[in-house]
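Raw input.txt, compact mmCIF, C-alpha atoms and all ligand atoms:
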# COMPACT_ATOMS: atom_id res chain seq x y z
CA MET A 1 67.92 89.65 92.06
CA ARG A 2 70.46 89.41 89.31
CA ALA A 3 70.94 86.30 87.21
CA PRO A 4 73.91 84.28 88.43
CA ALA A 5 77.11 84.72 86.47
CA THR A 6 77.81 82.03 83.93
CA ALA A 7 81.51 82.82 83.70
CA GLY A 8 84.16 84.44 85.80
CA PRO A 9 85.54 87.86 85.00
CA HIS A 10 87.91 86.61 82.35
CA VAL A 11 88.55 89.96 80.84
CA GLY A 12 92.28 89.89 81.59
CA VAL A 13 95.05 88.87 79.24
CA PRO A 14 97.32 85.87 79.76
CA VAL A 15 100.16 86.00 82.23
CA ALA A 16 102.75 88.24 80.65
CA PRO A 17 106.23 89.62 81.16
CA VAL A 18 106.60 93.38 80.89
CA GLN A 19 109.67 94.60 79.07
CA LEU A 20 110.78 98.18 78.83
CA TYR A 21 113.42 98.89 76.27
CA GLN A 22 115.62 101.93 75.96
CA VAL A 23 113.26 104.19 77.80
CA SER A 24 114.52 107.74 78.26
CA ARG A 25 112.52 110.53 79.84
CA HIS A 26 113.44 114.08 80.66
CA TYR A 27 111.60 116.96 82.19
CA GLY A 28 112.10 120.61 81.26
CA ALA A 29 114.50 121.98 78.69
CA GLY A 30 117.87 123.69 78.35
CA GLU A 31 119.99 124.15 81.43
CA THR A 32 117.25 123.10 83.81
CA GLN A 33 116.54 119.86 81.98
CA VAL A 34 116.38 116.80 84.22
CA GLN A 35 117.04 113.33 82.85
CA ALA A 36 114.57 111.22 84.84
CA LEU A 37 115.29 107.97 82.96
CA ALA A 38 118.37 107.37 80.83
CA ASP A 39 118.07 104.53 78.33
CA VAL A 40 116.55 102.07 80.75
CA SER A 41 115.88 98.53 79.57
CA VAL A 42 114.40 96.15 82.10
CA THR A 43 112.27 93.02 82.15
CA PHE A 44 109.70 92.24 84.80
CA PRO A 45 109.33 88.47 84.39
CA ALA A 46 105.89 86.93 84.07
CA GLY A 47 104.46 85.47 87.23
CA SER A 48 106.99 87.14 89.45
CA TRP A 49 107.14 90.09 91.77
CA THR A 50 109.71 92.85 91.30
CA ALA A 51 110.32 95.69 93.73
CA VAL A 52 111.75 98.94 92.40
CA MET A 53 113.88 100.93 94.84
CA GLY A 54 116.25 103.86 94.73
CA PRO A 55 117.03 107.19 96.31
CA SER A 56 114.49 109.98 96.06
CA GLY A 57 114.60 111.44 92.54
CA SER A 58 116.22 108.35 91.01
CA GLY A 59 113.33 107.83 88.56
CA LYS A 60 111.12 105.22 90.27
CA SER A 61 107.81 107.02 89.72
CA THR A 62 108.72 107.87 86.16
CA LEU A 63 109.61 104.23 85.49
CA LEU A 64 106.33 102.99 86.97
CA HIS A 65 104.33 105.51 84.96
CA CYS A 66 106.07 104.56 81.71
CA ALA A 67 105.51 100.87 82.40
CA ALA A 68 101.91 101.30 83.54
CA GLY A 69 101.17 103.64 80.65
CA LEU A 70 102.56 100.90 78.41
CA ASP A 71 104.87 103.49 76.97
CA ARG A 72 107.75 101.82 75.04
CA VAL A 73 106.70 98.52 76.55
CA LEU A 74 106.63 94.98 75.30
CA LEU A 75 103.77 93.04 76.82
CA ALA A 76 104.00 89.26 76.46
CA GLY A 77 106.67 89.86 73.84
CA GLN A 78 104.30 91.90 71.68
CA ASP A 79 105.48 95.28 70.52
CA ILE A 80 102.67 97.66 71.35
CA THR A 81 104.70 100.80 70.67
CA HIS A 82 102.63 101.56 67.62
CA ALA A 83 99.22 100.92 69.15
CA THR A 84 96.77 103.79 68.82
CA ASP A 85 95.67 105.68 71.93
CA ALA A 86 92.31 103.92 71.87
CA GLU A 87 94.01 100.50 71.62
CA LEU A 88 96.36 101.38 74.47
CA THR A 89 93.47 102.50 76.68
CA ARG A 90 91.62 99.27 76.00
CA LEU A 91 94.75 97.20 76.67
CA ARG A 92 95.50 99.09 79.88
CA ARG A 93 92.00 98.40 81.17
CA ARG A 94 92.30 94.70 80.41
CA ALA A 95 95.93 94.05 81.12
CA VAL A 96 96.89 96.32 83.96
CA GLY A 97 95.76 96.83 87.55
CA PHE A 98 96.90 99.59 89.90
CA VAL A 99 97.30 99.92 93.64
CA PHE A 100 98.31 103.24 95.17
CA GLN A 101 99.73 104.35 98.49
CA ASN A 102 96.53 106.20 99.37
CA PHE A 103 94.16 103.50 98.11
CA ASN A 104 92.25 105.86 95.75
CA LEU A 105 88.89 104.31 96.57
CA ILE A 106 85.77 106.31 95.76
CA GLY A 107 84.41 107.48 99.11
CA SER A 108 80.75 107.61 98.12
CA LEU A 109 80.74 104.00 96.87
CA THR A 110 80.62 100.82 98.96
CA ALA A 111 83.48 98.32 98.85
CA GLU A 112 81.42 96.19 96.45
CA GLN A 113 80.76 99.12 94.16
CA ASN A 114 84.42 100.12 94.19
CA VAL A 115 85.44 96.59 93.24
CA ALA A 116 82.82 96.42 90.46
CA LEU A 117 84.06 99.62 88.82
CA PRO A 118 86.86 98.23 86.61
CA LEU A 119 84.49 95.55 85.28
CA ARG A 120 82.05 98.26 84.27
CA LEU A 121 84.88 100.24 82.65
CA ALA A 122 85.98 97.13 80.75
CA GLY A 123 82.45 96.84 79.40
CA ALA A 124 81.58 93.72 81.39
CA ARG A 125 78.47 93.42 83.50
CA PRO A 126 79.77 92.90 87.02
CA SER A 127 78.15 89.91 88.65
CA ARG A 128 77.61 89.90 92.38
CA ARG A 129 79.52 86.62 92.55
CA ASP A 130 82.65 87.97 90.84
CA VAL A 131 82.71 90.94 93.18
CA GLN A 132 82.05 88.76 96.24
CA THR A 133 84.81 86.38 95.22
CA ALA A 134 87.29 89.23 94.82
CA LEU A 135 86.40 90.57 98.27
CA ALA A 136 86.56 87.10 99.81
CA ASP A 137 90.01 86.63 98.24
CA VAL A 138 91.27 89.57 100.30
CA GLY A 139 89.46 88.42 103.44
CA LEU A 140 86.70 91.04 103.31
CA ALA A 141 83.64 89.00 102.37
CA ASP A 142 81.66 90.60 105.18
CA ARG A 143 82.62 94.21 104.41
CA GLY A 144 81.07 94.61 100.95
CA ARG A 145 78.43 97.11 102.07
CA HIS A 146 80.91 99.30 103.96
CA ARG A 147 82.12 102.61 102.61
CA PRO A 148 85.87 103.35 102.69
CA ARG A 149 85.62 105.63 105.74
CA GLU A 150 84.13 102.73 107.70
CA LEU A 151 87.21 100.61 107.01
CA SER A 152 90.74 100.69 108.42
CA GLY A 153 93.66 101.67 106.18
CA GLY A 154 94.68 98.05 105.78
CA GLN A 155 91.13 97.03 104.88
CA GLN A 156 90.88 99.88 102.37
CA GLN A 157 94.08 98.73 100.71
CA ARG A 158 92.70 95.19 100.52
CA VAL A 159 89.56 96.56 98.81
CA ALA A 160 91.88 98.40 96.41
CA ILE A 161 93.70 95.12 95.70
CA ALA A 162 90.38 93.33 95.12
CA ARG A 163 89.43 96.14 92.73
CA ALA A 164 92.74 95.84 90.91
CA MET A 165 92.46 92.07 90.64
CA VAL A 166 88.81 91.66 89.68
CA THR A 167 89.59 91.92 85.96
CA ARG A 168 92.45 89.43 86.43
CA PRO A 169 95.00 91.72 84.84
CA ALA A 170 98.28 90.26 83.63
CA VAL A 171 100.22 92.90 85.52
CA LEU A 172 99.65 94.68 88.80
CA PHE A 173 101.51 97.96 89.35
CA ALA A 174 101.76 99.06 92.95
CA ASP A 175 103.08 102.45 94.04
CA GLU A 176 104.13 102.29 97.70
CA PRO A 177 101.20 99.98 98.53
CA THR A 178 102.26 99.63 102.17
CA GLY A 179 103.51 103.20 102.60
CA ALA A 180 100.47 104.36 104.58
CA LEU A 181 99.98 101.19 106.62
CA ASP A 182 101.06 100.01 110.06
CA THR A 183 103.39 97.01 110.20
CA GLY A 184 100.62 94.48 110.77
CA SER A 185 98.42 95.68 107.89
CA ALA A 186 101.47 96.00 105.66
CA GLY A 187 102.29 92.36 106.37
CA THR A 188 98.75 91.29 105.41
CA VAL A 189 98.97 93.23 102.14
CA LEU A 190 102.40 91.78 101.32
CA ARG A 191 101.15 88.23 101.96
CA LEU A 192 98.20 88.90 99.66
CA LEU A 193 100.48 90.09 96.87
CA ARG A 194 102.66 87.01 97.35
CA ARG A 195 99.61 84.78 97.04
CA MET A 196 98.55 86.51 93.85
CA VAL A 197 101.93 85.96 92.28
CA ASP A 198 102.20 82.33 93.41
CA ALA A 199 98.59 81.21 92.96
CA ALA A 200 97.34 83.39 90.12
CA GLY A 201 100.61 83.82 88.21
CA GLN A 202 100.29 87.58 88.40
CA THR A 203 103.19 89.83 87.42
CA VAL A 204 103.66 92.46 90.12
CA VAL A 205 105.81 95.58 89.86
CA MET A 206 106.00 97.53 93.11
CA VAL A 207 107.77 100.77 93.98
CA THR A 208 108.66 100.89 97.66
CA HIS A 209 110.95 102.62 100.13
CA ASP A 210 110.62 99.83 102.65
CA PRO A 211 113.38 97.17 102.64
CA VAL A 212 111.02 94.71 104.38
CA ALA A 213 108.40 95.13 101.64
CA ALA A 214 111.08 94.86 98.95
CA ALA A 215 112.41 91.66 100.52
CA SER A 216 108.94 90.11 100.02
CA ALA A 217 109.45 90.36 96.27
CA ASP A 218 111.29 87.88 94.04
CA ALA A 219 113.72 90.48 92.76
CA VAL A 220 114.68 94.04 93.62
CA VAL A 221 115.74 96.48 90.91
CA PHE A 222 117.69 99.53 92.10
CA LEU A 223 117.60 102.83 90.25
CA SER A 224 120.14 105.59 90.58
CA ASP A 225 120.14 108.80 88.54
CA GLY A 226 117.67 107.39 86.05
CA ARG A 227 119.65 104.21 85.40
CA ILE A 228 119.40 100.63 86.61
CA ALA A 229 122.15 100.37 89.20
CA ASP A 230 121.65 96.80 90.37
CA ARG A 231 119.32 93.84 90.56
CA LEU A 232 119.20 91.47 93.53
CA LEU A 233 117.36 88.15 93.51
CA ARG A 234 115.52 87.20 96.71
CA PRO A 235 117.57 89.51 98.94
CA SER A 236 117.03 89.82 102.67
CA ALA A 237 115.73 93.10 104.07
CA ALA A 238 119.21 93.75 105.46
CA GLN A 239 120.80 93.26 102.03
CA VAL A 240 118.25 95.61 100.48
CA ALA A 241 118.88 98.26 103.14
CA GLY A 242 122.64 97.92 102.70
CA ARG A 243 122.47 98.32 98.92
CA LEU A 244 120.17 101.31 99.24
CA THR A 245 122.45 103.02 101.74
CA ARG A 246 125.39 102.69 99.37
CA LEU A 247 123.32 104.22 96.53
CA GLU A 248 122.25 107.09 98.72
CA GLY A 249 125.73 107.67 100.05
P1 LIG B 1 111.54 109.00 92.33
O1 LIG B 1 110.19 108.41 92.12
O2 LIG B 1 112.63 107.98 92.38
O3 LIG B 1 111.61 109.94 93.51
P2 LIG B 1 110.93 110.54 89.96
O4 LIG B 1 110.69 109.61 88.86
O5 LIG B 1 109.76 111.17 90.64
O6 LIG B 1 111.90 109.89 91.03
O7 LIG B 1 111.84 111.76 89.43
C1 LIG B 1 113.03 111.58 88.68
C2 LIG B 1 113.64 112.96 88.39
O8 LIG B 1 112.76 113.69 87.55
C3 LIG B 1 113.84 113.81 89.65
O9 LIG B 1 115.02 114.55 89.48
C4 LIG B 1 112.64 114.70 89.66
O10 LIG B 1 112.93 115.92 90.31
C5 LIG B 1 112.36 114.90 88.18
N1 LIG B 1 110.93 115.11 87.91
C6 LIG B 1 109.94 114.23 88.14
N2 LIG B 1 108.76 114.72 87.75
C7 LIG B 1 109.01 115.98 87.27
C8 LIG B 1 108.20 117.01 86.71
N3 LIG B 1 106.89 116.86 86.56
N4 LIG B 1 108.82 118.15 86.34
C9 LIG B 1 110.15 118.31 86.47
N5 LIG B 1 110.96 117.38 86.97
C10 LIG B 1 110.41 116.22 87.38
Could you show the structure in this file as structure tokens?
Amino acid sequence: MRAPATAGPHVGVPVAPVQLYQVSRHYGAGETQVQALADVSVTFPAGSWTAVMGPSGSGKSTLLHCAAGLDRVLLAGQDITHATDAELTRLRRRAVGFVFQNFNLIGSLTAEQNVALPLRLAGARPSRRDVQTALADVGLADRGRHRPRELSGGQQQRVAIARAMVTRPAVLFADEPTGALDTGSAGTVLRLLRRMVDAAGQTVVMVTHDPVAAASADAVVFLSDGRIADRLLRPSAAQVAGRLTRLEG
């Protein structure tokens, strides 16, 4: 049996806002060039949850990748634009967690082993207790020995959230985290994210197509043609849907 942990997995960085400034991105060249992001500056406040919405092709994925890659990003007010690749990789592992639409769990590993992975990557020795606590936090204390295929979609996403949170990252990036889930499981995942923001002071940035999911966030940022078109604070799902329809129209 392993020695009990003497400390929690405090490999994260303090609660931090994420600021993108003047981010432009294009794909291709010449006549076929596409401007995916056009001079976007946006702040995702610390300890709050922001949903990113917009029509297909408006630049949501590109924005999330720039932010998650810490590309032209200020983290906790620090300019990390000039960090080396090695520094950025280290910072990403400590500061940033990811949740994806399709969970991206490793099928051959148990839930516990999946959750322990980021600790190993961060150079920490995962303790059973840290991993158990992370699984208990998402209501899966009794599923640690299960492999992903033995879990429902909603349970797999909760394992993915436990995995993202085990290093206590300052920022959690979520790409359509409820996109593959039924309404009930989606609700469970959204309540979990809310608890992380409120209880743990996490900063969450979530791309979603779902007005109900977006209305769970503190703010909704709308993209259109690679630009920020609007920002609504605590909108209802109906307000989100209405704004989106006008952007798509
Ligand atoms: P969204 O996530 O809102 O659908 P994206 O960020 O994926 O938008 O895309 C923004 C724009 O950039 C779109 O016009 C898209 O076609 C284009 N784009 C995205 N990725 C690529 C790529 N790898 N090559 C060429 N164009 C791309």
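With all atoms listed in the file as the basis for measurement, A:Gly54 is the residue among A:Gly54, A:Pro235, A:Pro177, A:Gly47 that approaches ligand LIG 1 (chain B) most closely.
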With the cut-off set at 9 Å and counting all atoms listed in the file, tabulate each residue of chain A with an atom at most that distance from an atom of ligand LIG 1 (chain B), showing the nearest atom pair and its distance in Å to one decimal, ordered by chain and increasing number, as JSON lines.
{"residue": "A:Arg25", "atom": "CA", "partner": "B:LIG1", "partner_atom": "O8", "distance": 8.3}
{"residue": "A:His26", "atom": "CA", "partner": "B:LIG1", "partner_atom": "O8", "distance": 6.9}
{"residue": "A:Tyr27", "atom": "CA", "partner": "B:LIG1", "partner_atom": "C9", "distance": 4.7}
{"residue": "A:Gly28", "atom": "CA", "partner": "B:LIG1", "partner_atom": "C9", "distance": 6.0}
{"residue": "A:Thr32", "atom": "CA", "partner": "B:LIG1", "partner_atom": "C9", "distance": 9.0}
{"residue": "A:Gln33", "atom": "CA", "partner": "B:LIG1", "partner_atom": "N5", "distance": 7.9}
{"residue": "A:Val34", "atom": "CA", "partner": "B:LIG1", "partner_atom": "O8", "distance": 5.8}
{"residue": "A:Gln35", "atom": "CA", "partner": "B:LIG1", "partner_atom": "O8", "distance": 6.4}
{"residue": "A:Ala36", "atom": "CA", "partner": "B:LIG1", "partner_atom": "C2", "distance": 4.1}
{"residue": "A:Leu37", "atom": "CA", "partner": "B:LIG1", "partner_atom": "C1", "distance": 7.1}
{"residue": "A:Met53", "atom": "CA", "partner": "B:LIG1", "partner_atom": "O2", "distance": 7.6}
{"residue": "A:Gly54", "atom": "CA", "partner": "B:LIG1", "partner_atom": "O2", "distance": 6.0}
{"residue": "A:Pro55", "atom": "CA", "partner": "B:LIG1", "partner_atom": "O2", "distance": 6.0}
{"residue": "A:Ser56", "atom": "CA", "partner": "B:LIG1", "partner_atom": "O3", "distance": 3.8}
{"residue": "A:Gly57", "atom": "CA", "partner": "B:LIG1", "partner_atom": "O6", "distance": 3.5}
{"residue": "A:Ser58", "atom": "CA", "partner": "B:LIG1", "partner_atom": "O2", "distance": 3.9}
{"residue": "A:Gly59", "atom": "CA", "partner": "B:LIG1", "partner_atom": "O4", "distance": 3.2}
{"residue": "A:Lys60", "atom": "CA", "partner": "B:LIG1", "partner_atom": "O2", "distance": 3.8}
{"residue": "A:Ser61", "atom": "CA", "partner": "B:LIG1", "partner_atom": "O1", "distance": 3.7}
{"residue": "A:Thr62", "atom": "CA", "partner": "B:LIG1", "partner_atom": "O4", "distance": 3.8}
{"residue": "A:Leu63", "atom": "CA", "partner": "B:LIG1", "partner_atom": "O4", "distance": 6.4}
{"residue": "A:Leu64", "atom": "CA", "partner": "B:LIG1", "partner_atom": "O4", "distance": 8.1}
{"residue": "A:His65", "atom": "CA", "partner": "B:LIG1", "partner_atom": "O4", "distance": 8.5}
{"residue": "A:Val207", "atom": "CA", "partner": "B:LIG1", "partner_atom": "O1", "distance": 8.2}
{"residue": "A:Leu223", "atom": "CA", "partner": "B:LIG1", "partner_atom": "O2", "distance": 7.5}
{"residue": "A:Ser224", "atom": "CA", "partner": "B:LIG1", "partner_atom": "O2", "distance": 8.1}
{"residue": "A:Asp225", "atom": "CA", "partner": "B:LIG1", "partner_atom": "C1", "distance": 7.6}
{"residue": "A:Gly226", "atom": "CA", "partner": "B:LIG1", "partner_atom": "C1", "distance": 6.8}
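We find CA of Arg158 in chain A and CA of Asp175 in chain A to be spaced 14.2 Å apart.
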Using all atoms listed in the file, what table do you get, as a Markdown table, when you list each residue of range 174-240 of chain A with an atom no more than 8 Å from range 138-156 of chain A, its nearest pair of atoms, and their distance in Å rounded to one decimal, rows by chain then rising number?
| residue | atom | partner | partner_atom | distance |
| --- | --- | --- | --- | --- |
| A:Ala180 | CA | A:Gly153 | CA | 7.5 |
| A:Leu181 | CA | A:Gly154 | CA | 6.2 |
| A:Asp182 | CA | A:Gly154 | CA | 7.9 |
| A:Ser185 | CA | A:Gly154 | CA | 4.9 |
| A:Ala186 | CA | A:Gly154 | CA | 7.1 |
| A:Thr188 | CA | A:Gly154 | CA | 7.9 |
| A:Val189 | CA | A:Gly154 | CA | 7.4 |
| A:Leu192 | CA | A:Val138 | CA | 7.0 |
Computed interatomic separation between CA of Thr84 in chain A and CA of Gly97 in chain A (Å) = 20.0 Å
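One distance worth recording is that between CA of Cys66 in chain A and CA of Ala83 in chain A, which is 14.8 Å.
The residue that comes closest to Ala199 in chain A, out of A:Ala238, A:Asp137, A:Val131, A:Ala160 and on the basis of all atoms listed in the file, is A:Asp137.
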query = For the point (111.1, 92.4, 94.8) in file coordinates, what residues are within 9 Å, counting only C-alpha atoms? Give the answer as a ChimeraX atom specification?
reply = /A:48-53,204-206,213-221,232-235
Please write the residues from the selection above to a file, keeping C-alpha atoms, as a PDB file, keeping the file's coordinate frame.
ATOM      1  CA  SER A  48     106.990  87.140  89.450  1.00  0.00           C
ATOM      2  CA  TRP A  49     107.140  90.090  91.770  1.00  0.00           C
ATOM      3  CA  THR A  50     109.710  92.850  91.300  1.00  0.00           C
ATOM      4  CA  ALA A  51     110.320  95.690  93.730  1.00  0.00           C
ATOM      5  CA  VAL A  52     111.750  98.940  92.400  1.00  0.00           C
ATOM      6  CA  MET A  53     113.880 100.930  94.840  1.00  0.00           C
ATOM      7  CA  VAL A 204     103.660  92.460  90.120  1.00  0.00           C
ATOM      8  CA  VAL A 205     105.810  95.580  89.860  1.00  0.00           C
ATOM      9  CA  MET A 206     106.000  97.530  93.110  1.00  0.00           C
ATOM     10  CA  ALA A 213     108.400  95.130 101.640  1.00  0.00           C
ATOM     11  CA  ALA A 214     111.080  94.860  98.950  1.00  0.00           C
ATOM     12  CA  ALA A 215     112.410  91.660 100.520  1.00  0.00           C
ATOM     13  CA  SER A 216     108.940  90.110 100.020  1.00  0.00           C
ATOM     14  CA  ALA A 217     109.450  90.360  96.270  1.00  0.00           C
ATOM     15  CA  ASP A 218     111.290  87.880  94.040  1.00  0.00           C
ATOM     16  CA  ALA A 219     113.720  90.480  92.760  1.00  0.00           C
ATOM     17  CA  VAL A 220     114.680  94.040  93.620  1.00  0.00           C
ATOM     18  CA  VAL A 221     115.740  96.480  90.910  1.00  0.00           C
ATOM     19  CA  LEU A 232     119.200  91.470  93.530  1.00  0.00           C
ATOM     20  CA  LEU A 233     117.360  88.150  93.510  1.00  0.00           C
ATOM     21  CA  ARG A 234     115.520  87.200  96.710  1.00  0.00           C
ATOM     22  CA  PRO A 235     117.570  89.510  98.940  1.00  0.00           C
TER      23      PRO A 235
END
request  = Tell me which of A:Pro211, A:Arg195, A:Arg163, A:Gly69 sits closest to Leu91 in chain A, counting all atoms listed in the file.
outcome  = A:Gly69
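Nearest residue to Phe100 in chain A, choosing from A:Ala136, A:Val171, A:Ala164, A:Ala116 and counting only C-alpha atoms: A:Ala164.
Among the candidate residues A:Leu117, A:Val42, A:His209, A:Arg227, the one lying nearest to Thr245 in chain A is A:His209, with distances computed using only C-alpha atoms.
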